>>> print(open('run-v2.tsv').read())   # TSV, C-alpha atoms
chain	number	residue	atom	x	y	z
A	80	MET	CA	92.72	103.42	92.37
A	81	LYS	CA	92.12	103.58	88.63
A	82	THR	CA	91.78	100.25	86.80
A	83	ASN	CA	91.22	98.94	83.31
A	84	HIS	CA	88.49	96.38	82.60
A	85	SER	CA	90.86	93.40	82.92
A	86	MET	CA	91.91	94.54	86.37
A	87	ASP	CA	88.32	95.24	87.42
A	88	VAL	CA	87.44	91.57	86.94
A	89	LEU	CA	90.55	90.31	88.74
A	90	TYR	CA	90.35	92.84	91.55
A	91	GLU	CA	86.85	91.72	92.48
A	92	GLU	CA	88.24	88.21	93.07
A	93	ILE	CA	91.20	89.62	95.01
A	94	ARG	CA	88.90	91.69	97.21
A	95	GLN	CA	86.54	88.79	97.89
A	96	GLY	CA	89.46	86.53	98.80
A	97	LYS	CA	91.16	89.27	100.87
A	98	LEU	CA	94.35	88.63	98.91
A	99	ASP	CA	95.55	92.25	99.06
A	100	ASP	CA	96.25	92.50	102.79
A	101	SER	CA	99.60	94.22	103.42
A	102	ARG	CA	100.15	91.93	106.43
A	103	ASP	CA	100.63	89.11	103.90
A	104	LEU	CA	103.47	90.81	102.02
A	105	PRO	CA	106.46	88.50	101.64
A	106	GLN	CA	109.38	89.40	103.92
A	107	LYS	CA	111.57	90.24	100.90
A	108	LEU	CA	109.09	92.93	99.83
A	109	VAL	CA	108.82	94.24	103.39
A	110	ALA	CA	112.63	94.48	103.50
A	111	LEU	CA	112.60	96.36	100.19
A	112	LEU	CA	110.14	98.89	101.63
A	113	ASN	CA	111.97	99.12	104.96
A	114	GLY	CA	115.20	99.90	103.12
A	115	GLY	CA	113.74	103.35	102.54
A	116	PHE	CA	114.21	105.80	99.73
A	117	VAL	CA	117.10	107.69	98.23
A	118	GLU	CA	116.97	110.82	96.09
A	119	GLU	CA	119.34	111.45	93.22
A	120	GLU	CA	119.14	113.98	90.37
A	121	GLN	CA	115.62	115.07	91.39
A	122	CYS	CA	114.43	111.44	91.25
A	123	LEU	CA	113.27	109.21	94.09
A	124	PHE	CA	114.17	105.52	94.28
A	125	LEU	CA	113.75	102.61	96.62
A	126	ARG	CA	117.20	102.53	98.18
A	127	LEU	CA	117.72	98.79	97.65
A	128	LEU	CA	116.90	99.07	93.93
A	129	LYS	CA	119.23	101.99	93.19
A	130	LYS	CA	122.38	100.15	92.27
A	131	GLY	CA	124.47	99.48	89.22
A	132	PRO	CA	125.77	101.74	86.51
A	133	VAL	CA	122.40	103.15	85.37
A	134	LYS	CA	122.45	106.95	85.10
A	135	ARG	CA	119.88	109.65	84.41
A	136	ALA	CA	121.58	110.40	81.07
A	137	ASP	CA	120.60	106.92	79.85
A	138	PHE	CA	116.90	107.92	79.72
A	139	PRO	CA	114.82	110.50	77.86
A	140	ASP	CA	113.50	112.00	81.10
A	141	ARG	CA	113.40	111.62	84.88
A	142	THR	CA	110.12	109.71	84.81
A	143	ALA	CA	111.58	106.98	82.58
A	144	TYR	CA	114.64	106.81	84.84
A	145	GLU	CA	112.52	106.37	87.97
A	146	CYS	CA	110.28	103.77	86.31
A	147	PHE	CA	113.27	101.75	85.16
A	148	VAL	CA	114.92	101.66	88.57
A	149	ASN	CA	111.71	101.39	90.63
A	150	HIS	CA	110.52	98.36	88.63
A	151	ILE	CA	109.68	95.43	90.90
A	152	HIS	CA	108.95	91.96	89.53
A	153	ILE	CA	106.78	90.50	92.29
A	154	GLU	CA	107.73	86.92	91.42
A	155	ASP	CA	111.38	87.74	92.23
A	156	TYR	CA	110.41	88.43	95.85
A	157	LEU	CA	108.37	85.29	96.51
A	158	ASP	CA	109.64	82.26	98.41
A	159	ASN	CA	109.07	78.57	97.79
A	160	GLY	CA	108.30	78.71	94.10
A	161	GLY	CA	105.96	81.66	94.21
A	162	LEU	CA	102.20	81.95	94.49
A	163	PRO	CA	99.19	81.28	92.28
A	164	PRO	CA	98.72	84.20	89.85
A	165	LEU	CA	95.78	85.82	91.63
A	166	GLU	CA	97.57	85.77	94.98
A	167	MET	CA	100.69	87.24	93.33
A	168	LEU	CA	98.56	90.07	91.95
A	169	GLY	CA	97.02	90.57	95.39
A	170	ARG	CA	100.50	91.02	96.87
A	171	ALA	CA	101.32	93.54	94.13
A	172	VAL	CA	98.22	95.57	94.98
A	173	ALA	CA	99.14	95.41	98.68
A	174	LEU	CA	102.66	96.59	97.84
A	175	ALA	CA	101.29	99.46	95.75
A	176	ARG	CA	99.05	100.58	98.62
A	177	GLU	CA	101.94	100.40	101.06
A	178	LEU	CA	104.16	102.39	98.67
A	179	LYS	CA	101.42	104.99	98.33
A	180	ALA	CA	101.14	105.33	102.11
A	181	ARG	CA	104.89	105.61	102.65
A	182	LEU	CA	105.45	108.02	99.77
A	183	SER	CA	102.57	110.20	100.97
A	184	GLN	CA	103.90	110.26	104.51
A	185	LEU	CA	107.57	110.84	103.71
A	186	HIS	CA	107.23	113.04	100.66
A	187	GLY	CA	103.89	114.80	101.11
A	188	ASP	CA	104.88	117.79	99.01
A	189	ARG	CA	105.56	115.60	95.95
A	190	HIS	CA	103.04	113.39	94.24
A	191	PHE	CA	103.67	109.92	92.89
A	192	ARG	CA	102.07	107.40	90.56
A	193	ILE	CA	102.30	103.68	91.37
A	194	ILE	CA	101.52	101.31	88.50
A	195	VAL	CA	100.63	97.62	88.84
A	196	ALA	CA	100.68	95.54	85.65
A	197	PHE	CA	99.70	91.87	85.45
A	198	SER	CA	100.09	89.68	82.37
A	199	GLY	CA	98.80	86.47	83.91
A	200	ALA	CA	102.22	84.99	84.56
A	201	ASN	CA	104.20	88.09	85.55
A	202	CYS	CA	103.34	90.96	87.82
A	203	THR	CA	105.20	94.24	88.19
A	204	VAL	CA	104.94	97.32	90.35
A	205	ARG	CA	106.75	100.54	89.50
A	206	PHE	CA	106.48	104.13	90.62
A	207	HIS	CA	107.53	107.60	89.58
A	208	THR	CA	107.14	111.22	90.57
A	209	ILE	CA	104.23	112.91	88.79
A	210	ARG	CA	105.65	115.67	86.62
A	211	PRO	CA	103.50	118.00	84.52
A	212	ASP	CA	105.60	117.58	81.38
A	213	GLN	CA	106.35	113.83	81.60
A	214	GLU	CA	104.08	110.81	81.38
A	215	TRP	CA	104.92	107.12	81.74
A	216	ILE	CA	101.44	105.91	80.79
A	217	ASP	CA	99.75	107.72	77.93
A	218	LYS	CA	96.40	108.95	79.30
A	219	ALA	CA	94.66	108.07	76.03
A	220	ALA	CA	95.93	104.49	76.24
A	221	ARG	CA	94.94	103.85	79.87
A	222	GLY	CA	92.63	100.91	80.00
A	223	PHE	CA	93.32	99.62	76.51
A	224	GLY	CA	96.56	97.70	76.96
A	225	PRO	CA	96.78	93.91	76.99
A	226	GLU	CA	97.79	93.75	80.67
A	227	ALA	CA	95.49	94.11	83.64
A	228	THR	CA	96.53	97.47	85.07
A	229	CYS	CA	95.79	99.57	88.11
A	230	ILE	CA	97.20	102.96	89.01
A	231	PHE	CA	97.47	104.53	92.44
A	232	GLU	CA	98.37	108.17	92.95
A	233	THR	CA	99.26	110.08	96.07
A	234	GLN	CA	96.86	112.79	94.90
A	235	GLU	CA	93.48	112.57	93.19
A	236	LEU	CA	93.53	110.86	89.81
A	237	GLU	CA	92.46	112.83	86.79
A	238	PRO	CA	89.24	111.54	85.20
>>> encode(input="run-v2.tsv", output="structure tokens")
Amino acid sequence: MKTNHSMDVLYEEIRQGKLDDSRDLPQKLVALLNGGFVEEEQCLFLRLLKKGPVKRADFPDRTAYECFVNHIHIEDYLDNGGLPPLEMLGRAVALARELKARLSQLHGDRHFRIIVAFSGANCTVRFHTIRPDQEWIDKAARGFGPEATCIFETQELEP
């Protein structure tokens, strides 16, 4: 897991509080994962998110297409008014780890990047296939954005 400084600080609290346990994922997120994946136009999507009129032609590349469709707002999957921010971020990290495990197991020949971003009030998880000629997060900008960010990859991260 690669993190920026903002995430480093928050993740230490998450780890100490054991807030990133996948057994605590809300049922709606578990259902999203259990819905499986679907492939279309050399892109991989969570099956339950691939709906609507969005097409590959609407985006500059496949990575942007995958990131748009595979964009999960954690707060949309929480019951009873949600969770405190740190717990919400913990669930996002747990989801990212679970996505990494499932993508690695089901699609071992392809590599994926899972991105968690936390603004304090909102938390998102998205993923895309790693392609040599396409980048969702500019490598030079990693760690310098306003959001707390962590990145998981199904292969070793570049330094």
>>> closest_residue(input="run-v2.tsv", among="A:Ser101, A:Gln121, A:Gln184, A:Gln95", to="A:Val172", atoms="only C-alpha atoms")
A:Ser101
>>> closest_residue(input="run-v2.tsv", among="A:Asp212, A:Glu226, A:Glu232, A:Asp188", to="A:Met86", atoms="all atoms listed in the file")
A:Glu226
>>> residues_near_point(input="run-v2.tsv", point="(97.9, 91.6, 105.8)", cutoff="12 Å", atoms="all atoms listed in the file", output="VMD selection string")
chain A and resid 97 to 106 109 169 to 170 172 to 174 176 to 177
>>> atom_distance(input="run-v2.tsv", atom1="atom CA of A:Tyr144", atom2="atom CA of A:Ser85")
27.4 Å
>>> closest_residue(input="run-v2.tsv", among="A:Ala136, A:Gly161, A:Arg181, A:Ile153", to="A:Gly115", atoms="all atoms listed in the file")
A:Arg181
>>> atom_distance(input="run-v2.tsv", atom1="atom CA of A:Thr208", atom2="atom CA of A:Ala175")
14.1 Å
>>> atom_distance(input="run-v2.tsv", atom1="atom CA of A:Glu120", atom2="atom CA of A:Glu145")
10.4 Å
